[in-house]
Amino acid sequence: MATAVRDARPKVENPPGGLTPDELLRAYRTMVICRALDERCLTLQRQGRIGFYAPMQGQEAAQVGCTWALQSEDWLFPAYRELGVALVRGVPIPLILDQFIGNQGDELKGRQMPNHYGYRRFRFVTASSPVGTQITQAVGTAMAAQYRKEPIVTVTFFGDGTTSSNDFHAGLNFAGVFSAPTIFFCQNNQWAISLPRERQTRSETLAVKAKAYGVWGVVVDGMDVHAVYRAVREARQRAVEGQGPTLIEAQVYRFGPHSTSDDPKRYRSESDLALWKERDPIARTKHELIAAGRLTEAQDLQLWETARQQITQAVDKAEKTPALDPRTMFDDVFASLPPQLQRDRDELASFLPPEAKP
Amino acid sequence: MATAVRDARPKVENPPGGLTPDELLRAYRTMVICRALDERCLTLQRQGRIGFYAPMQGQEAAQVGCTWALQSEDWLFPAYRELGVALVRGVPIPLILDQFIGNQGDELKGRQMPNHYGYRRFRFVTASSPVGTQITQAVGTAMAAQYRKEPIVTVTFFGDGTTSSNDFHAGLNFAGVFSAPTIFFCQNNQWAISLPRERQTRSETLAVKAKAYGVWGVVVDGMDVHAVYRAVREARQRAVEGQGPTLIEAQVYRFGPHSTSDDPKRYRSESDLALWKERDPIARTKHELIAAGRLTEAQDLQLWETARQQITQAVDKAEKTPALDPRTMFDDVFASLPPQLQRDRDELASFLPPEAKP
Amino acid sequence: MTELTLVQAVNRGLFEAMKKDPDVILLGEDIGVNGGVFRATEGLHKEFGAERVIDTPLSETGIIGAAIGMALYGLKPVPEIQFQDFIYPAFDQIVSELAKYRYRSGGQYPCHVVIRSPYGGGVKGGLYHSQSAEAYFAHTAGLKVVIPSSPADAKGLLLSSIHDEDPVLFFEPKRIYRSVTGEVPDGDHRVPLGQAATVREGTDVSILAYGAMIPVAALAAEKLQEQNISVEIIDLRTLVPLDEKAVLASVEKTGRPIILHEAPRFCGYGAELAAILAEKALYSLKSPVLRVTGYDTPFPYALEHLYLPSPERVIAAVHTSMKSG
Amino acid sequence: MTELTLVQAVNRGLFEAMKKDPDVILLGEDIGVNGGVFRATEGLHKEFGAERVIDTPLSETGIIGAAIGMALYGLKPVPEIQFQDFIYPAFDQIVSELAKYRYRSGGQYPCHVVIRSPYGGGVKGGLYHSQSAEAYFAHTAGLKVVIPSSPADAKGLLLSSIHDEDPVLFFEPKRIYRSVTGEVPDGDHRVPLGQAATVREGTDVSILAYGAMIPVAALAAEKLQEQNISVEIIDLRTLVPLDEKAVLASVEKTGRPIILHEAPRFCGYGAELAAILAEKALYSLKSPVLRVTGYDTPFPYALEHLYLPSPERVIAAVHTSMKSG
Ligand SMILES: Cc1ncc(C[n+]2csc(CCOP(=O)(O)OP(=O)(O)O)c2C)c(N)n1
Ligand SMILES: Cc1ncc(C[n+]2csc(CCOP(=O)(O)OP(=O)(O)O)c2C)c(N)n1
Ligand SMILES: [Mg+2]
Ligand SMILES: [Mg+2]
């Protein structure tokens with residue numbers, strides 16, 4: 001259930017319809033792929049086959065529900081944990097795996113750590129690591145769309161910790177002042193690495209921060225794909241109608257470690273995790289589908305099986321794709337190669353083993 | 001009247017006593033000196049006798065009322081417009097004028113533009129120009145005092161525009177999380193150079209931003225010295241009792257230009273100014289004192305006369321004080337002069353006219 | 001041709017770009033109704049409206065972040081930072097984002113933003129209205145850095161910057177905003193990026209400089225001419241990409257380089273010039289590579305006239321150079 | 001003496017300082033309960049409590065701003081920036097405030113903060129977990145910049161930094177956090193700031209380097225020894241203030257300088273070294289001043305092994321140098 005507040009006037013809304021049963025089944029399938037891919041990536045990292053991974057288990061409903069409520073023209077500004085967003089948007093799994101490996105198929109040309117992908121044709125902006133920087137950018141893109149009179153929204157994704165960033169403050173404030181059609185989708189997964197939500201900020205909720213900018217603020221159960229879908233649809237509606245931006249706090253939990261470099265046992269209790277796992281969005285959605293007679297256990301097993309096969313194929317393909325040409329290192333610093341970089345490039349080439357020379 | 005809010009629970013307080021009549025008379029005297037000095041500085045700048053000036057007319061009650069409510073052990077973190085704060089704290093006028101001229105008497109050694117003074121012995125921290133940077137620092141000092149168990153507060157001064165700064169966000173958030181004994185004293189003078197308050201942020205008030213950090217938020221009539229005094233006293237009390245920080249929005253108006261480089265006619269109407277001038281804190285306080293029989297018109301004239309004489313003397317003295325020794329340019333970059341700066345110093349000395357050599 | 005001050009030429013450049021291309025959008029503090037604190041955007045708000053000349057809240061983080069978002073979308077934002085000294089709250093957006101967008105996305109997201117900002121001392125601005133921060137940006141791969149020294153170059157380089165495809169930091173020497181005037185071609189006048197200008201030819205000494213130091217170099221050169229020392233002045237105009245050829249050609253001719261800038265010396269832009277000479281022109285050098293720069297202190301207020309490189313300090317360096325080797 | 005890794009030596013340095021002086025306070029992201037993402041603060045939270053090892057919200061602006069406030073009060077804060085790549089949100093506080101407090105107040109407000117941060121590549125961190133940003137800070141008057149290359153120096157320089165009176169940027173080469181071990185003196189071990197170390201004596205070539213490039217230089221020197229080329233390695237240790245004497249002495253002896261760092265070359269710290277040599281050691285130079293550095297691109301991910309200066313690239317530069325002059 002979504003609580004929408006604007007300025008000092010809290011307003012409780014009764015949930016209108018969420019996803020249709022058909023949509024829910026499709027959404028569930030995406031959530032399954034998401035979970036299966038996430039699990040595989042953790043394994044690949046442990047086996048040294050990819051260098052790093054930041055899992056998102058527990059956040060599937062939030063990401064899938066949110067993206068489901070958008071139009072494909074809407075621009076997405078992800079952080080580094082938005083696998084579910086990418087999948088709903090249609091980014092092919094092989095492309096993602098190419099990025100994780102940084103091979104010749106990687107459209108980012110091996111420039112970034114795993115997770116930090118982005119694809120212009122999907123209006124899915126390339127993520128960076130410094131937290132929050134995407135937030136002001138999403139507002140700028142929204143202002144640009146507004147200027148060009150394109151009736152779209154921009155959606156920016158970030159975590160609870162990132163509400164402390166400079167760009168959160170500047171972005172929300174600009175969006176308020178300029179009525180930018182931006183949805184600020186905060187996945188409060190309760191942790192910023194080792195810092196719990198309560199130590200990140202003393203505000204009652206994260207959504208209440210909307211009041212500081214005179215924009216809409218919504219708290220939503222991020223384990224409930226319907227609730228998220230509804231909240232985002234409403235926010236989108238308001239935004240394109242010129243009613244301004246919305247800050248949505250989707251309350252979720254990070255089931256896994258912050259990243260493969262992290263050991264959550266150092267700072268959090270298993271019992272808390274167990275409590276939240278009872279609300280696992282995948283189990284919950286599956287349960288609903290089964291109860292509604294839209295899914296059987298056998299079909300479910302099949303879904304998982306298909307997902308895993310699909311992923312295995314993509315991994316195989318990605319691992320067989322040739323490595324990057326080292327000379328690409330000098331592309332894209334500027335639109336064209338300045339003489340100085342040409343020299344660097346030549347120098348590097350002189351150190352390459354003969355087989356790598358053209 | 002102060003409205004104190006914490007989180008989502010607004011609370012209206014009935015004003016207990018403000019300044020006593022004796023205190024009010026003394027506070028009024030300071031406000032008069034403040035206004036007279038401000039006027040003089042504008043003249044000095046126009047005559048080319050000082051290089052720059054940022055006037056504060058209209059903000060006297062806010063600054064004097066605030067500082068009156070503090071203890072001399074409290075640390076002050078001013079912006080560049082806090083003349084009234086400096087005067088209440090006891091900074092001598094001649095010292096201020098030496099700073100404006102940047103002569104040998106300037107304890108800052110001519111390093112800064114006028115207005116950007118600061119004196120360690122008055123716990124009045126040296127101002128800088130980048131807006132907002134003092135805010136996080138004030139919180140750090142409060143945390144340090146808390147650590148050392150010194151029962152003081154830090155008070156940081158800034159304008160409406162500065163609520164958009166990075167440090168406002170970080171400072172309020174840290175203060176909330178650590179319950180730092182800091183008072184965030186925002187003088188909302190309705191303008192950030194040419195940008196009106198409504199275009200700075202869409203929040204209902206500036207004080208409501210406190211909710212974003214779970215701290216106390218108070219709106220106060222900044223033209224009413226009693227109201228400001230009361231609000232700050234209460235905030236101070238809360239802070240030292242461990243109840244956390246308060247954001248105070250003192251609503252005032254900048255009667256003059258942003259600075260001597262600014263021409264407000266380009267962006268604001270005279271009629272607005274005229275409305276606010278009806279609430280001139282000096283006229284208002286004078287009126288109250290006369291009504292209470294604590295001041296006569298003749299005594300008032302005398303106050304102004306004394307203030308102006310005092311200022312004339314200080315200006316004379318400051319203008320007669322010798323210029324800085326150019327070699328001081330290299331002091332205080334580090335605690336001691338590294339060889340490299342010694343060379344720079346020698347080089348400079350070689351260009352000085354003979355009479356300037358030691 | 002019209003006789004303009006440097007700041008007027010900037011204004012005309014912005015006008016020209018905006019008239020031609022509706023994608024050019026300005027944003028910044030006090031640039032709209034107020035016309036900018038230096039009046040660089042005077043009249044543009046009236047001409048092009050609040051949609052294209054956007055007065056923003058007081059947040060450089062927001063200004064540059066929003067400008068980047070606009071550029072990703074396909075507009076050509078030209079944000080103003082009121083004083084270069086206040087660019088630091090936007091440093092993360094500039095260094096982590098603007099400089100790296102094209103690269104990190106494998107070329108998918110070019111990010112063409114032109115950041116205008118007045119820089120430098122000489123206006124009694126003290127520590128925070130006087131800095132020359134070009135070295136920070138020149139060191140950041142992915143950014144172009146441009147500094148004009150004349151009205152015609154100000155307009156021509158600004159228009160080239162706006163029509164470039166890469167992010168450009170366009171720093172305007174505020175000290176000579178009004179003190180320097182000159183004939184400026186009307187219309188879409190362009191001066192190509194990456195080309196230095198020989199603003200004075202000479203044979204004995206090469207002064208390598210830019211921005212507000214060009215008039216200082218010129219004054220020194222005049223005086224030195226009286227002493228029969230022939231000074232060549234190279235105005236770099238574009239710091240990144242540097243016109244290395246022009247620099248090397250001049251120094252190979254004179255053998256005596258003097259590097260001149262007002263930023264502090266240590267790790268300043270001049271260090272790179274010296275390093276290039278020490279690598280590529282070593283055998284042409286007749287004298288040590290000398291730098292005349294601001295001192296390695298924060299920028300002072302009362303003593304700024306002694307902090308800034310003066311013609312006297314340049315002349316002294318030239319004399320030192322002439323005596324060497 | 002205890003055998004420690006570099007990161008353990010940092011940890012021991014912090015422990016030592018905190019034990020001695022209750023005014024030493026740590027703050028940063030994940031440094032408390034979690035012990036730091038690199039475990040540099042492991043055990044300190046337990047030993048000294050949450051009051052002295054403060055887990056902060058995710059804001060570098062807040063961390064450095066608060067640390068400055070603590071320092072003004074008289075504490076000795078030692079904030080950690082989790083990766084140097086994330087220091088930019090604090091750039092304004094560092095450059096505008098920390099570097100200038102003592103100066104702008106005429107000496108009234110010294111501001112002694114020691115900012116610790118892991119820097120550099122070699123850990124497959126890509127653009128944002130690999131940068132070497134020392135040049136930005138070295139160019140900023142008022143800051144000291146220190147980079148250790150061994151466990152003993154890490155502890156000794158850190159303790160000296162904490163006991164200094166000026167702001168210090170203390171950058172730790174994370175690539176060799178664990179790969180380098182060494183004997184570290186117990187107790188209050190100090191290595192003075194401003195003194196370079198000759199980590200290998202030689203007569204043919206001088207390599208000027210610091211941090212994680214010292215082992216690279218050492219590997220190159222070993223190989224070159226086999227070719228009868230005698231390499232001297234100067235570990236700068238303190239970038240500001242620079243031990244100019246040590247640099248000049250070595251280059252005056254060998255006449256062949258090779259500057260080595262992993263940051264991009266253009267306007268990097270090496271440019272300043274080259275500029276100093278081009279001014280003060282010109283007549284001793286037998287070969288051009290060569291720089292082996294990271295390339296002038298953002299830091300890549302998949303190709304980082306080719307981006308970072310390798311012993312091979314150093315050897316090639318030495319050969320070039322030996323052939324010159
Ligand atoms: C500016 C900056 N500082 C520090 C970091 C290191 N860091 C990476 S993720 C992270 C925590 C982010 O927490 P949150 O915003 O809640 O997102 P989550 O990882 O939980 O999805 C930190 C501190 C960073 N990436 N950027
Ligand atoms: C970071 C930064 N950006 C821009 C400026 C230029 N500037 C100086 S004062 C000012 C407006 C400040 O407004 P406000 O906070 O309301 O304070 P007031 O001047 O009204 O007292 C601006 C934009 C600055 N000093 N610092
Ligand atoms: Mg989180
Ligand atoms: Mg104001």
# chains A, B, ... in the order shown; residues from 1 in each chain; ligands from 1
call {"tool": "residues_near_ligand", "arguments": {"ligand": "ligand 4", "cutoff": "7 Å", "atoms": "only C-alpha atoms and all ligand atoms", "output": "list in words"}}
result
Gly159, Asp160, Gly161, Gln187, Asn188, Asn189, Gln190, Trp191, Ala192 and Ile193 of chain B
call {"tool": "write_last_selection", "arguments": {"atoms": "N, CA, C and O atoms", "output": "PDB file, in the first residue's frame"}}
result
ATOM      1  N   GLY B 159      22.392  31.597   4.780  1.00  0.00           N
ATOM      2  CA  GLY B 159      21.215  32.201   4.184  1.00  0.00           C
ATOM      3  C   GLY B 159      20.284  31.195   3.540  1.00  0.00           C
ATOM      4  O   GLY B 159      20.572  29.991   3.486  1.00  0.00           O
ATOM      5  N   ASP B 160      19.172  31.697   3.049  1.00  0.00           N
ATOM      6  CA  ASP B 160      18.180  30.856   2.378  1.00  0.00           C
ATOM      7  C   ASP B 160      18.804  30.116   1.193  1.00  0.00           C
ATOM      8  O   ASP B 160      18.570  28.918   0.988  1.00  0.00           O
ATOM      9  N   GLY B 161      19.631  30.805   0.418  1.00  0.00           N
ATOM     10  CA  GLY B 161      20.237  30.164  -0.746  1.00  0.00           C
ATOM     11  C   GLY B 161      21.109  28.988  -0.351  1.00  0.00           C
ATOM     12  O   GLY B 161      21.181  27.971  -1.053  1.00  0.00           O
ATOM     13  N   GLN B 187      19.242  32.588   8.155  1.00  0.00           N
ATOM     14  CA  GLN B 187      18.587  33.881   7.942  1.00  0.00           C
ATOM     15  C   GLN B 187      18.004  33.880   6.541  1.00  0.00           C
ATOM     16  O   GLN B 187      18.711  34.089   5.557  1.00  0.00           O
ATOM     17  N   ASN B 188      16.731  33.648   6.495  1.00  0.00           N
ATOM     18  CA  ASN B 188      16.041  33.677   5.209  1.00  0.00           C
ATOM     19  C   ASN B 188      15.732  35.136   4.888  1.00  0.00           C
ATOM     20  O   ASN B 188      14.711  35.675   5.289  1.00  0.00           O
ATOM     21  N   ASN B 189      16.666  35.756   4.160  1.00  0.00           N
ATOM     22  CA  ASN B 189      16.461  37.170   3.806  1.00  0.00           C
ATOM     23  C   ASN B 189      15.794  37.280   2.442  1.00  0.00           C
ATOM     24  O   ASN B 189      15.849  38.313   1.785  1.00  0.00           O
ATOM     25  N   GLN B 190      15.196  36.192   2.021  1.00  0.00           N
ATOM     26  CA  GLN B 190      14.335  36.126   0.828  1.00  0.00           C
ATOM     27  C   GLN B 190      15.082  36.137  -0.498  1.00  0.00           C
ATOM     28  O   GLN B 190      14.479  35.908  -1.546  1.00  0.00           O
ATOM     29  N   TRP B 191      16.376  36.385  -0.483  1.00  0.00           N
ATOM     30  CA  TRP B 191      17.126  36.468  -1.729  1.00  0.00           C
ATOM     31  C   TRP B 191      18.481  35.783  -1.615  1.00  0.00           C
ATOM     32  O   TRP B 191      19.143  35.874  -0.591  1.00  0.00           O
ATOM     33  N   ALA B 192      18.862  35.120  -2.669  1.00  0.00           N
ATOM     34  CA  ALA B 192      20.239  34.646  -2.834  1.00  0.00           C
ATOM     35  C   ALA B 192      20.735  35.390  -4.078  1.00  0.00           C
ATOM     36  O   ALA B 192      20.423  34.999  -5.195  1.00  0.00           O
ATOM     37  N   ILE B 193      21.426  36.469  -3.832  1.00  0.00           N
ATOM     38  CA  ILE B 193      21.692  37.463  -4.883  1.00  0.00           C
ATOM     39  C   ILE B 193      20.358  37.729  -5.573  1.00  0.00           C
ATOM     40  O   ILE B 193      19.464  38.295  -4.927  1.00  0.00           O
TER      41      ILE B 193
END
call {"tool": "residues_near_ligand", "arguments": {"ligand": "ligand 3", "cutoff": "12 Å", "atoms": "only C-alpha atoms and all ligand atoms", "output": "number ranges by chain"}}
result
A: 54-56, 58-59, 79-81, 131, 157-164, 186-200, 206, 249-259; D: 57-58
call {"tool": "interface_residues", "arguments": {"of": "chain A", "to": "chain D", "cutoff": "8 Å", "atoms": "only C-alpha atoms", "output": "ChimeraX atom specification"}}
result
/A:51,101-103,110-113,128-130,161-162,164-166,192-195,199-201,262,266-267,324,326,329-330,333,341,344,348,351
call {"tool": "residues_around", "arguments": {"residues": "stretch 250-260 of chain D", "least_positions_apart": "4", "cutoff": "8 Å", "atoms": "only C-alpha atoms", "output": "PyMOL selection string"}}
result
chain D and resi 202-210+213+217+232+234+246+270+273-274+281+284-293+309+314+317-318+321-322
call {"tool": "write_last_selection", "arguments": {"atoms": "N, CA and C atoms", "output": "compact mmCIF listing (two decimals), in the first residue's frame"}}
result
# COMPACT_ATOMS: atom_id res chain seq x y z
N GLY D 202 72.48 3.49 -7.36
CA GLY D 202 72.91 3.15 -8.70
C GLY D 202 73.62 4.35 -9.32
N THR D 203 74.16 4.16 -10.49
CA THR D 203 74.99 5.23 -11.06
C THR D 203 74.60 5.64 -12.47
N ASP D 204 73.81 4.80 -13.15
CA ASP D 204 73.51 5.12 -14.54
C ASP D 204 72.23 5.91 -14.74
N VAL D 205 71.22 5.51 -14.01
CA VAL D 205 69.89 6.08 -14.23
C VAL D 205 69.24 6.31 -12.87
N SER D 206 68.43 7.39 -12.78
CA SER D 206 67.65 7.62 -11.55
C SER D 206 66.17 7.40 -11.85
N ILE D 207 65.57 6.50 -11.10
CA ILE D 207 64.11 6.38 -11.20
C ILE D 207 63.51 7.11 -10.01
N LEU D 208 62.65 8.08 -10.30
CA LEU D 208 61.96 8.84 -9.25
C LEU D 208 60.53 8.32 -9.18
N ALA D 209 60.17 7.75 -8.06
CA ALA D 209 58.86 7.09 -7.98
C ALA D 209 58.32 7.14 -6.56
N TYR D 210 57.15 6.56 -6.37
CA TYR D 210 56.54 6.49 -5.03
C TYR D 210 55.43 5.44 -5.04
N MET D 213 54.52 2.03 -7.26
CA MET D 213 55.48 1.94 -8.37
C MET D 213 56.88 1.57 -7.90
N ALA D 217 59.56 -0.44 -10.07
CA ALA D 217 60.90 0.08 -10.34
C ALA D 217 61.96 -0.93 -9.92
N GLU D 232 69.42 3.72 -9.89
CA GLU D 232 69.13 4.26 -8.56
C GLU D 232 67.63 4.52 -8.46
N ILE D 234 64.79 6.42 -6.25
CA ILE D 234 64.44 7.36 -5.18
C ILE D 234 62.96 7.22 -4.89
N ALA D 246 67.25 15.59 -2.50
CA ALA D 246 67.51 14.18 -2.82
C ALA D 246 67.32 13.92 -4.31
N GLY D 270 54.54 13.92 -11.96
CA GLY D 270 55.82 13.80 -12.66
C GLY D 270 56.18 15.03 -13.46
N LEU D 273 58.18 17.22 -11.23
CA LEU D 273 59.56 16.72 -11.09
C LEU D 273 60.37 17.09 -12.32
N ALA D 274 59.78 16.86 -13.49
CA ALA D 274 60.48 17.18 -14.74
C ALA D 274 60.78 18.67 -14.82
N ALA D 281 68.51 21.28 -12.91
CA ALA D 281 69.53 20.26 -13.17
C ALA D 281 69.82 20.17 -14.66
N SER D 284 73.11 19.07 -15.89
CA SER D 284 73.55 17.71 -15.54
C SER D 284 72.90 16.65 -16.42
N LEU D 285 71.88 17.06 -17.16
CA LEU D 285 71.11 16.05 -17.89
C LEU D 285 71.89 15.50 -19.08
N LYS D 286 72.00 14.17 -19.10
CA LYS D 286 72.62 13.53 -20.25
C LYS D 286 71.58 13.01 -21.21
N SER D 287 70.35 12.99 -20.77
CA SER D 287 69.28 12.51 -21.64
C SER D 287 68.01 13.27 -21.34
N PRO D 288 67.08 13.25 -22.26
CA PRO D 288 65.80 13.89 -21.98
C PRO D 288 65.18 13.32 -20.72
N VAL D 289 64.32 14.12 -20.09
CA VAL D 289 63.61 13.66 -18.91
C VAL D 289 62.43 12.81 -19.38
N LEU D 290 62.45 11.55 -19.02
CA LEU D 290 61.39 10.65 -19.50
C LEU D 290 60.39 10.35 -18.39
N ARG D 291 59.16 10.21 -18.79
CA ARG D 291 58.12 9.85 -17.82
C ARG D 291 57.46 8.54 -18.24
N VAL D 292 57.38 7.62 -17.31
CA VAL D 292 56.61 6.39 -17.53
C VAL D 292 55.41 6.49 -16.58
N THR D 293 54.23 6.55 -17.16
CA THR D 293 53.05 6.85 -16.34
C THR D 293 51.85 6.08 -16.86
N PRO D 309 51.90 1.22 -15.58
CA PRO D 309 53.31 1.08 -15.93
C PRO D 309 53.84 -0.27 -15.47
N VAL D 314 59.21 0.44 -18.02
CA VAL D 314 60.31 1.16 -17.35
C VAL D 314 61.64 0.81 -18.02
N ALA D 317 62.10 2.59 -21.21
CA ALA D 317 62.45 4.00 -21.02
C ALA D 317 63.91 4.14 -20.63
N VAL D 318 64.38 3.23 -19.79
CA VAL D 318 65.79 3.28 -19.38
C VAL D 318 66.69 3.08 -20.60
N SER D 321 66.76 6.18 -22.54
CA SER D 321 67.58 7.16 -21.86
C SER D 321 69.07 6.88 -22.05
N MET D 322 69.44 5.60 -21.92
CA MET D 322 70.85 5.23 -22.04
C MET D 322 71.40 5.51 -23.43
call {"tool": "residues_around", "arguments": {"residues": "stretch 178-188 of chain C", "least_positions_apart": "3", "cutoff": "8 Å", "atoms": "only C-alpha atoms", "output": "ChimeraX atom specification"}}
result
/C:1-7,9,13,16-17,150-152,155-156,159,174-175
call {"tool": "interface_residues", "arguments": {"of": "chain A", "to": "chain B", "cutoff": "8 Å", "atoms": "only C-alpha atoms", "output": "PyMOL selection string"}}
result
chain A and resi 7+164-166+169-170+173-174+176-177+199-204+206+208-215
call {"tool": "select_by_dssp", "arguments": {"residues": "stretch 47-91 of chain D", "states": "strand (DSSP E)", "output": "ChimeraX atom specification"}}
result
/D:53-55,76-80
call {"tool": "write_last_selection", "arguments": {"atoms": "N, CA, C and O atoms", "output": "tab-separated table (two decimals), in the first residue's frame"}}
result
chain	number	residue	atom	x	y	z
D	53	VAL	N	35.88	5.75	16.95
D	53	VAL	CA	35.95	5.12	15.62
D	53	VAL	C	34.54	5.22	15.07
D	53	VAL	O	33.70	4.35	15.28
D	54	ILE	N	34.29	6.32	14.39
D	54	ILE	CA	32.93	6.73	14.09
D	54	ILE	C	32.50	6.29	12.70
D	54	ILE	O	33.08	6.72	11.69
D	55	ASP	N	31.49	5.43	12.65
D	55	ASP	CA	30.87	5.07	11.37
D	55	ASP	C	29.96	6.21	10.95
D	55	ASP	O	28.98	6.53	11.63
D	76	LYS	N	42.45	15.57	16.91
D	76	LYS	CA	43.27	15.17	15.76
D	76	LYS	C	42.53	14.11	14.95
D	76	LYS	O	42.80	12.92	15.07
D	77	PRO	N	41.61	14.55	14.13
D	77	PRO	CA	40.81	13.58	13.38
D	77	PRO	C	41.61	12.95	12.24
D	77	PRO	O	42.43	13.61	11.59
D	78	VAL	N	41.36	11.67	12.04
D	78	VAL	CA	41.98	10.94	10.93
D	78	VAL	C	40.86	10.28	10.13
D	78	VAL	O	40.55	9.11	10.32
D	79	PRO	N	40.22	11.07	9.26
D	79	PRO	CA	39.13	10.50	8.46
D	79	PRO	C	39.66	9.55	7.40
D	79	PRO	O	40.78	9.71	6.92
D	80	GLU	N	38.82	8.58	7.07
D	80	GLU	CA	39.15	7.70	5.94
D	80	GLU	C	38.18	7.97	4.79
D	80	GLU	O	36.98	8.06	5.00
call {"tool": "atom_distance", "arguments": {"atom1": "atom CA of A:Asp332", "atom2": "atom CA of C:His139"}}
result
16.9 Å
call {"tool": "closest_atom_pairs", "arguments": {"of": "chain D", "to": "ligand 2", "cutoff": "12 Å", "atoms": "only C-alpha atoms and all ligand atoms", "output": "tab-separated table"}}
result
residue	atom	partner	partner_atom_place_in_ligand_line	distance
D:Phe91	CA	ligand 2	1 (C)	11.9
D:Asp92	CA	ligand 2	1 (C)	8.5
D:Gln93	CA	ligand 2	1 (C)	10.7
D:Ser96	CA	ligand 2	1 (C)	9.9
D:Glu97	CA	ligand 2	1 (C)	11.9
call {"tool": "atom_distance", "arguments": {"atom1": "atom CA of A:Thr328", "atom2": "atom CA of A:Val315"}}
result
23.3 Å
call {"tool": "residues_around", "arguments": {"residues": "A:Glu288", "least_positions_apart": "2", "cutoff": "12 Å", "atoms": "only C-alpha atoms", "output": "list in words"}}
result
Leu19, Thr20, Pro21, Leu24, Leu25, Tyr28, Asp224, Val225, His226, Pro281, Ile282, Ala283, Arg284, Thr285, Lys286, Ile290, Ala291, Ala292, Gly293, Arg294, Leu295 and Thr296 of chain A
call {"tool": "closest_residue", "arguments": {"among": "C:Pro148, C:Gly121, C:Gly142, C:Gly194", "to": "chain D", "atoms": "only C-alpha atoms"}}
result
C:Gly142
call {"tool": "atom_distance", "arguments": {"atom1": "atom CA of C:Ala278", "atom2": "atom CA of C:Gln227"}}
result
28.4 Å
call {"tool": "residues_around", "arguments": {"residues": "D:Val114", "least_positions_apart": "2", "cutoff": "12 Å", "atoms": "only C-alpha atoms", "output": "PyMOL selection string"}}
result
chain D and resi 14+24-27+63-64+67-68+70-71+75-81+94+98-99+111-112+116-117+143-146+157-171
call {"tool": "closest_residue", "arguments": {"among": "D:Cys267, D:Pro311, D:Gln84, D:Glu47", "to": "ligand 1", "atoms": "only C-alpha atoms and all ligand atoms"}}
result
D:Gln84
call {"tool": "residues_around", "arguments": {"residues": "B:Leu37", "least_positions_apart": "3", "cutoff": "12 Å", "atoms": "only C-alpha atoms", "output": "JSON, numbers by chain"}}
result
{"B": [30, 31, 32, 33, 34, 40, 41, 42, 43, 44, 53, 54, 55, 56, 57, 60, 83, 84, 87, 92, 93, 94, 96, 97, 304, 305, 306, 307, 308, 309, 310, 311, 312, 313, 314, 315]}
call {"tool": "closest_residue", "arguments": {"among": "C:Ala154, C:Leu193, C:Leu236, C:Ala135", "to": "chain D", "atoms": "only C-alpha atoms"}}
result
C:Ala135
call {"tool": "closest_residue", "arguments": {"among": "D:Tyr103, D:Glu272, D:Leu308, D:Lys323", "to": "D:Ser130", "atoms": "only C-alpha atoms"}}
result
D:Leu308
call {"tool": "closest_residue", "arguments": {"among": "A:Gly90, A:Gly217, A:Pro264, A:Gly18", "to": "ligand 1", "atoms": "only C-alpha atoms and all ligand atoms"}}
result
A:Pro264
